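Engineer: My questions will all concern the structure given below.
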Amino acid sequence: MQRSWAVALRNLQRNRRRNAATVAAIAFGYAGLVVLGGYAARVDRFLRTNAVYLQHAGHVAVWMKGGLDRAGAEPERYQLDAAAQQRILAWAGADPRVEFTARYLRGMGLAGNGCTTQPTRLFGVEPEVLGRIVRHPEVQGWSSELATPVKGRWMDAYPKVQHASAVSVGLAEMLRKRRVYDEVQGLPPAATILDCDTEKEAEQLAQDANVQVMSMTYDGMFNAVDTEMTATFHYAEAHGENGTLYTSVSTLQTLFATDRVTYVALFLKDPADAANVAAELTAAMAAAGLQVEALTYDEERWNPYYVGTMAFIGSMIGIITLLVSLVLILTVIGALTLSILERTREIGTWRALGFGRGVLTSLVVQEAFLLAVLGVVAGVVIGLMAAAMINAADIRFSPPGVPGTIALLIKPSPLTCAVQAVLILPSVCVAAWLVARAQVRRNVVELLTAQSG
Amino acid sequence: MSDAFVQVEQVHKTYQLGETRVHALRGISLELHRGEFTALVGASGSGKSTLLNLVGCLDEPDQGRIVLDGHDVAHLDDAERSKLRNRRIGFIFQSFNLVPVLNVFENVELPLLLHEELSAAERRKRVEQAISDVGLESFVRHWPDKLSGGQRQRVAIARALVTQPLLVLADEPTANLDSETTARLVDLLVDLNHKRKVTFLFSTHDEKLMGRVARVVRIRDGVTVTA
């Protein structure tokens with residue numbers, strides 16, 4: 001039928017109040033989805049940024065094959081030796097998709113203050129790389145709260161401090177280290193022998209920023225290094241808050257008496273390249289006789305918190321989207337049913353004039369499509385306005401599993417909005433088709449002589 | 001062999017009205033020839049509208065045969081009957097049945113929207129001609145609710161004629177009009193019948209109209225009593 005869209009648009013002018021209400025229902029439903037999608041996008045970017053940068057997973061983490069499970073137990077066998085590190089770094093340095101790389105040495109140990117010790121996860125990372133990570137635009141944009149030290153400055157600000165360290169807030173509190181390196185400058189020297197378990201202990205511990213790190217070397221000897229706590233920080237996962245310490249790779253290598261590192265992380269310009277980079281790097285290393293395992297940031301066994309949380313949030317968003325779509329479908333069915341019942345005799349007239357069932361059904365579907373498009377367009381505007389208002393309100397909240405609070409930011413993603421619109425538009429059209437189909441299949445004389453419409 | 005354009009042969013039609021089964025047509029037969037202007041006369045409930053609906057392919061007979069321009073309509077599916085209605089038949093309804101959200105021009109243009117072979121210019125020319133034929137040139141952009149009853153029925157006539165049908169069916173087209181308007185409308189229909197040689201079949205129970213038509217078919221209790 002020619003000019004069917006124009007006729008469909010004209011039909012929408014019949015009962016403007018009802019159609020406006022239908023458009024409003026679609027618009028507010030869709031706006032809700034835009035905001036919800038924006039929240040999910042925000043959480044995704046926040047958690048991904050934390051996982052990749054602040055939990056140091058990188059977009060791709062290169063381990064010795066089997067290292068993820070066994071590097072802690074058998075470091076000599078499952079950690080990367082100097083030659084392997086160089087080979088991986090050389091490959092990554094030549095790949096334009098890689099923005100930068102970081103070597104990580106991880107292990108367990110004790111952090112002590114001279115009176116007490118606490119079990120601690122030790123992260124060895126080059127201070128300048130850590131500085132690059134925390135100042136990365138992605139980190140500053142999505143997780144600046146966790147990238148900013150609670151006290152002091154990151155280790156890269158102290159190139160002359162031989163064994164600088166950064167200590168998680170909870171661990172610093174348990175060690176009663178109230179002052180970071182900058183704050184103890186100019187204070188009288190701390191006592192050499194501390195009066196532990198006395199009333200002087202707290203003040204003596206606060207006189208310096210020294211944190212001792214102890215562990216077993218890889219060959220089984222007890223070893224310890226004195227570090228200077230230049231910063232305290234919130235670790236990006238709550239369970240690490242009471243026991244995480246960063247120091248340089250070389251400091252940890254001294255502690256463990258090794259030249260190995262646990263893994264090499266690759267930070268990419270585009271996270272979408274992660275799978276390809278991982279596959280190509282694994283193949284290239286295998287060709288060179290080095291059996292490595294390259295894990296992408298979205299693999300559950302490497303980043304279970306990020307992957308699991310996003311799967312949960314994705315399911316919730318999906319269910320809510322379905323429920324909203326269902327409500328919208330029922331709204332549209334209700335409105336169109338009324339609209340079509342009112343036009344029963346008119347539909348009979350159209351049929352008498354020679355319009356087939358398919359043409360009339362498609363005309364009603366076109367009307368519904370126009371309603372849905374108007375609703376979606378209005379919904380985008382309302383959703384974006386709501387997002388802007390929420391963002392401007394500077395609401396803060398505590399995400400589950402993350403210490404401290406972050407700003408509640410709604411960042412609608414065009415892709416999510418498009419997917420939700422793609423779900424809504426056909427749903428509304430199918431609803432219209434169901435309503436129209438039943439009516440146009442009636443006998444023409446019945447339609448023409450109907451009491452209603 | 002009959003040269004009739006429309007042949008109705010021994011047609012029966014019953015329908016359910018609430019709890020009652022109404023035998024509307026009881027073996028009616030009728031022939032219409034090209035260019036005839038025929039009035040179908042009978043009291044309310046005599047079966048006039050049922051017969052018009054069957055001739056217009058809006059409904060199907062229970063028994064009997066209807067041949068329209070050589071097509072036995074029983075052998076046509078819904079799409080073919082729709083096309084036949086659009087291309088060969090024009091309808092004029094008692095209550096005009098104009099589409100309220102379309103203006104006069106658009107209402108008349110409506111059945112032509114299915115004529116994909118017509119360009120927009122050809123369609124416009126035909127619509128303007130049909131509107132001119134019924135004398136509504138100065139109401140082209142008016143909405144139906146701004147027109148009088150007689151004007152609305154003229155729009156319906158223009159809409160029925162714009163496809164250049166072979167047959168125009170009108171079910172009591174003057175029932176909702178005053179006598180003066182009715183007279184003018186019948187004059188118009190007769191004039192169009194002469195000018196366009198279109199076959200007209202209209203139902204009425206208005207005895208005053210009998211003298212204006214070439215042929216009167218009387219129907220009572222579902223059968224013709226004079227033809």
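Every chain in the structure tokens has a letter given in the order shown (A, B, ...), and although residue numbers restart at 1 in each chain, ligands are simply numbered from 1 in the order shown.
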Set the distance at 8 Å and use only C-alpha atoms: which residues neighbour B:Ala39 once local chain neighbours fewer than 6 positions away are removed? I'd like the list as number ranges by chain.
Structural biologist: B: 201-204, 210, 213, 215-217
Engineer: For A:Arg441, work out the shell of residues within 10 Å, counting only C-alpha atoms and skipping chain neighbours fewer than 3 positions away, then give it as a list in words.
Structural biologist: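 Using only C-alpha atoms, the neighbours found are Gly356, Arg357, Gly358, Thr361, Ala436, Arg437, Ala438, Val444 and Leu447 of chain A; Asp78 of chain B.
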Engineer: In terms of the shortest atom-to-atom distance over only C-alpha atoms, which of A:Gly383, A:Gly348, A:Gly375, A:Pro412 is closest to chain B?
Structural biologist: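 For chain B, the nearest of the candidates is A:Gly348.
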Engineer: Choose the residue, out of B:Leu17, B:Leu185, B:Thr163, B:Ala120, that has the smallest atom-to-atom separation from B:Arg85; count only C-alpha atoms.
Structural biologist: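 Looking only at the distances to B:Arg85, the closest residue turns out to be B:Thr163.
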Engineer: Using only C-alpha atoms, what table do you get, as CSV, when you list each residue of chain B with an atom no more than 7 Å from chain A, its nearest pair of atoms, and their distance in Å rounded to one decimal, rows by chain then rising number?
Structural biologist:
residue,atom,partner,partner_atom,distance
B:Leu58,CA,A:Val444,CA,5.7
B:Asp59,CA,A:Val445,CA,6.6
B:Ala79,CA,A:Gly356,CA,5.9
B:Ser82,CA,A:Gly354,CA,4.3
B:Lys83,CA,A:Gly354,CA,5.6
B:Arg85,CA,A:Gly354,CA,5.2
B:Asn86,CA,A:Gly354,CA,4.2
B:Asn97,CA,A:Thr349,CA,6.5
B:Val99,CA,A:Glu346,CA,6.9
B:Val101,CA,A:Arg10,CA,6.2
B:Pro111,CA,A:Leu353,CA,5.9
B:Leu113,CA,A:Gln2,CA,5.1
B:Leu114,CA,A:Met1,CA,5.1
Engineer: Can those selected residues be exported to a file as a PDB file, in the first residue's frame so that it contains N, CA and C atoms?
Structural biologist:
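Listing of part_28.pdb after writing:
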ATOM      1  N   LEU B  58     -18.581  -9.308   0.081  1.00  0.00           N
ATOM      2  CA  LEU B  58     -18.273  -9.051   1.489  1.00  0.00           C
ATOM      3  C   LEU B  58     -18.598 -10.274   2.334  1.00  0.00           C
ATOM      4  N   ASP B  59     -19.416 -11.151   1.772  1.00  0.00           N
ATOM      5  CA  ASP B  59     -19.859 -12.335   2.504  1.00  0.00           C
ATOM      6  C   ASP B  59     -19.997 -13.480   1.503  1.00  0.00           C
ATOM      7  N   ALA B  79      -7.816 -12.823  -0.522  1.00  0.00           N
ATOM      8  CA  ALA B  79      -7.002 -11.795  -1.194  1.00  0.00           C
ATOM      9  C   ALA B  79      -7.586 -11.467  -2.565  1.00  0.00           C
ATOM     10  N   SER B  82     -10.668  -9.454  -2.148  1.00  0.00           N
ATOM     11  CA  SER B  82     -10.302  -8.074  -1.797  1.00  0.00           C
ATOM     12  C   SER B  82      -9.913  -7.301  -3.050  1.00  0.00           C
ATOM     13  N   LYS B  83      -9.125  -7.940  -3.892  1.00  0.00           N
ATOM     14  CA  LYS B  83      -8.678  -7.269  -5.121  1.00  0.00           C
ATOM     15  C   LYS B  83      -9.858  -6.998  -6.043  1.00  0.00           C
ATOM     16  N   ARG B  85     -12.961  -6.532  -5.144  1.00  0.00           N
ATOM     17  CA  ARG B  85     -13.714  -5.409  -4.574  1.00  0.00           C
ATOM     18  C   ARG B  85     -13.035  -4.087  -4.906  1.00  0.00           C
ATOM     19  N   ASN B  86     -11.723  -4.075  -4.771  1.00  0.00           N
ATOM     20  CA  ASN B  86     -10.991  -2.824  -4.987  1.00  0.00           C
ATOM     21  C   ASN B  86     -11.036  -2.383  -6.452  1.00  0.00           C
ATOM     22  N   ASN B  97     -19.498   6.107   6.097  1.00  0.00           N
ATOM     23  CA  ASN B  97     -18.259   5.361   6.406  1.00  0.00           C
ATOM     24  C   ASN B  97     -17.000   6.052   5.880  1.00  0.00           C
ATOM     25  N   VAL B  99     -13.381   7.961   6.558  1.00  0.00           N
ATOM     26  CA  VAL B  99     -12.338   7.821   7.581  1.00  0.00           C
ATOM     27  C   VAL B  99     -12.117   9.200   8.214  1.00  0.00           C
ATOM     28  N   VAL B 101      -9.966  10.637  10.068  1.00  0.00           N
ATOM     29  CA  VAL B 101      -8.667  11.330  10.138  1.00  0.00           C
ATOM     30  C   VAL B 101      -8.118  11.670   8.749  1.00  0.00           C
ATOM     31  N   PRO B 111      -8.987   4.150  -1.831  1.00  0.00           N
ATOM     32  CA  PRO B 111      -8.896   2.870  -2.549  1.00  0.00           C
ATOM     33  C   PRO B 111      -7.813   2.860  -3.626  1.00  0.00           C
ATOM     34  N   LEU B 113      -4.856   3.870  -3.230  1.00  0.00           N
ATOM     35  CA  LEU B 113      -3.539   3.618  -2.632  1.00  0.00           C
ATOM     36  C   LEU B 113      -3.087   2.179  -2.885  1.00  0.00           C
ATOM     37  N   LEU B 114      -4.056   1.332  -3.247  1.00  0.00           N
ATOM     38  CA  LEU B 114      -3.697  -0.055  -3.563  1.00  0.00           C
ATOM     39  C   LEU B 114      -3.334  -0.234  -5.037  1.00  0.00           C
TER      40      LEU B 114
END
Engineer: Considering only C-alpha atoms, return as a ChimeraX atom specification whatever protein or nucleic-acid residues lie within 7 Å of stretch 148-154 of chain B, sequence-local ones (same chain, fewer than 6 positions apart) excluded.
Structural biologist: /B:96,134,177,181
Engineer: Hey, what's within 12 Å of B:Leu51 if we count only C-alpha atoms and toss same-chain stuff fewer than 6 positions away? As a PyMOL selection string, please?
Structural biologist: (chain A and resi 445) or (chain B and resi 7-14+24-30+40-42+45+57-61+66+169-171+201-203+217+219-224)
Engineer: I need the helix (DSSP H, G or I) residues of stretch 10-215 of chain B per DSSP on the backbone, written as a PyMOL selection string.
Structural biologist: chain B and resi 48-55+73-75+78-88+104-114+120-133+137-139+144-146+149-161+179-196+207-212
Engineer: What parts of stretch 109-184 of chain A does DSSP call strand (DSSP E)? I'd like the answer as a list in words.
Structural biologist: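 Answer for stretch 109-184 of chain A, restricted to strand (DSSP E): Gly109, Leu110, Ala111, Gly112, Thr117, Gln118, Pro119, Thr120, Arg121, Leu122, Phe123, Gly124, Val125, Lys151, Gly152, Ala164, Ser165, Ala166, Val167 and Ser168 of chain A.
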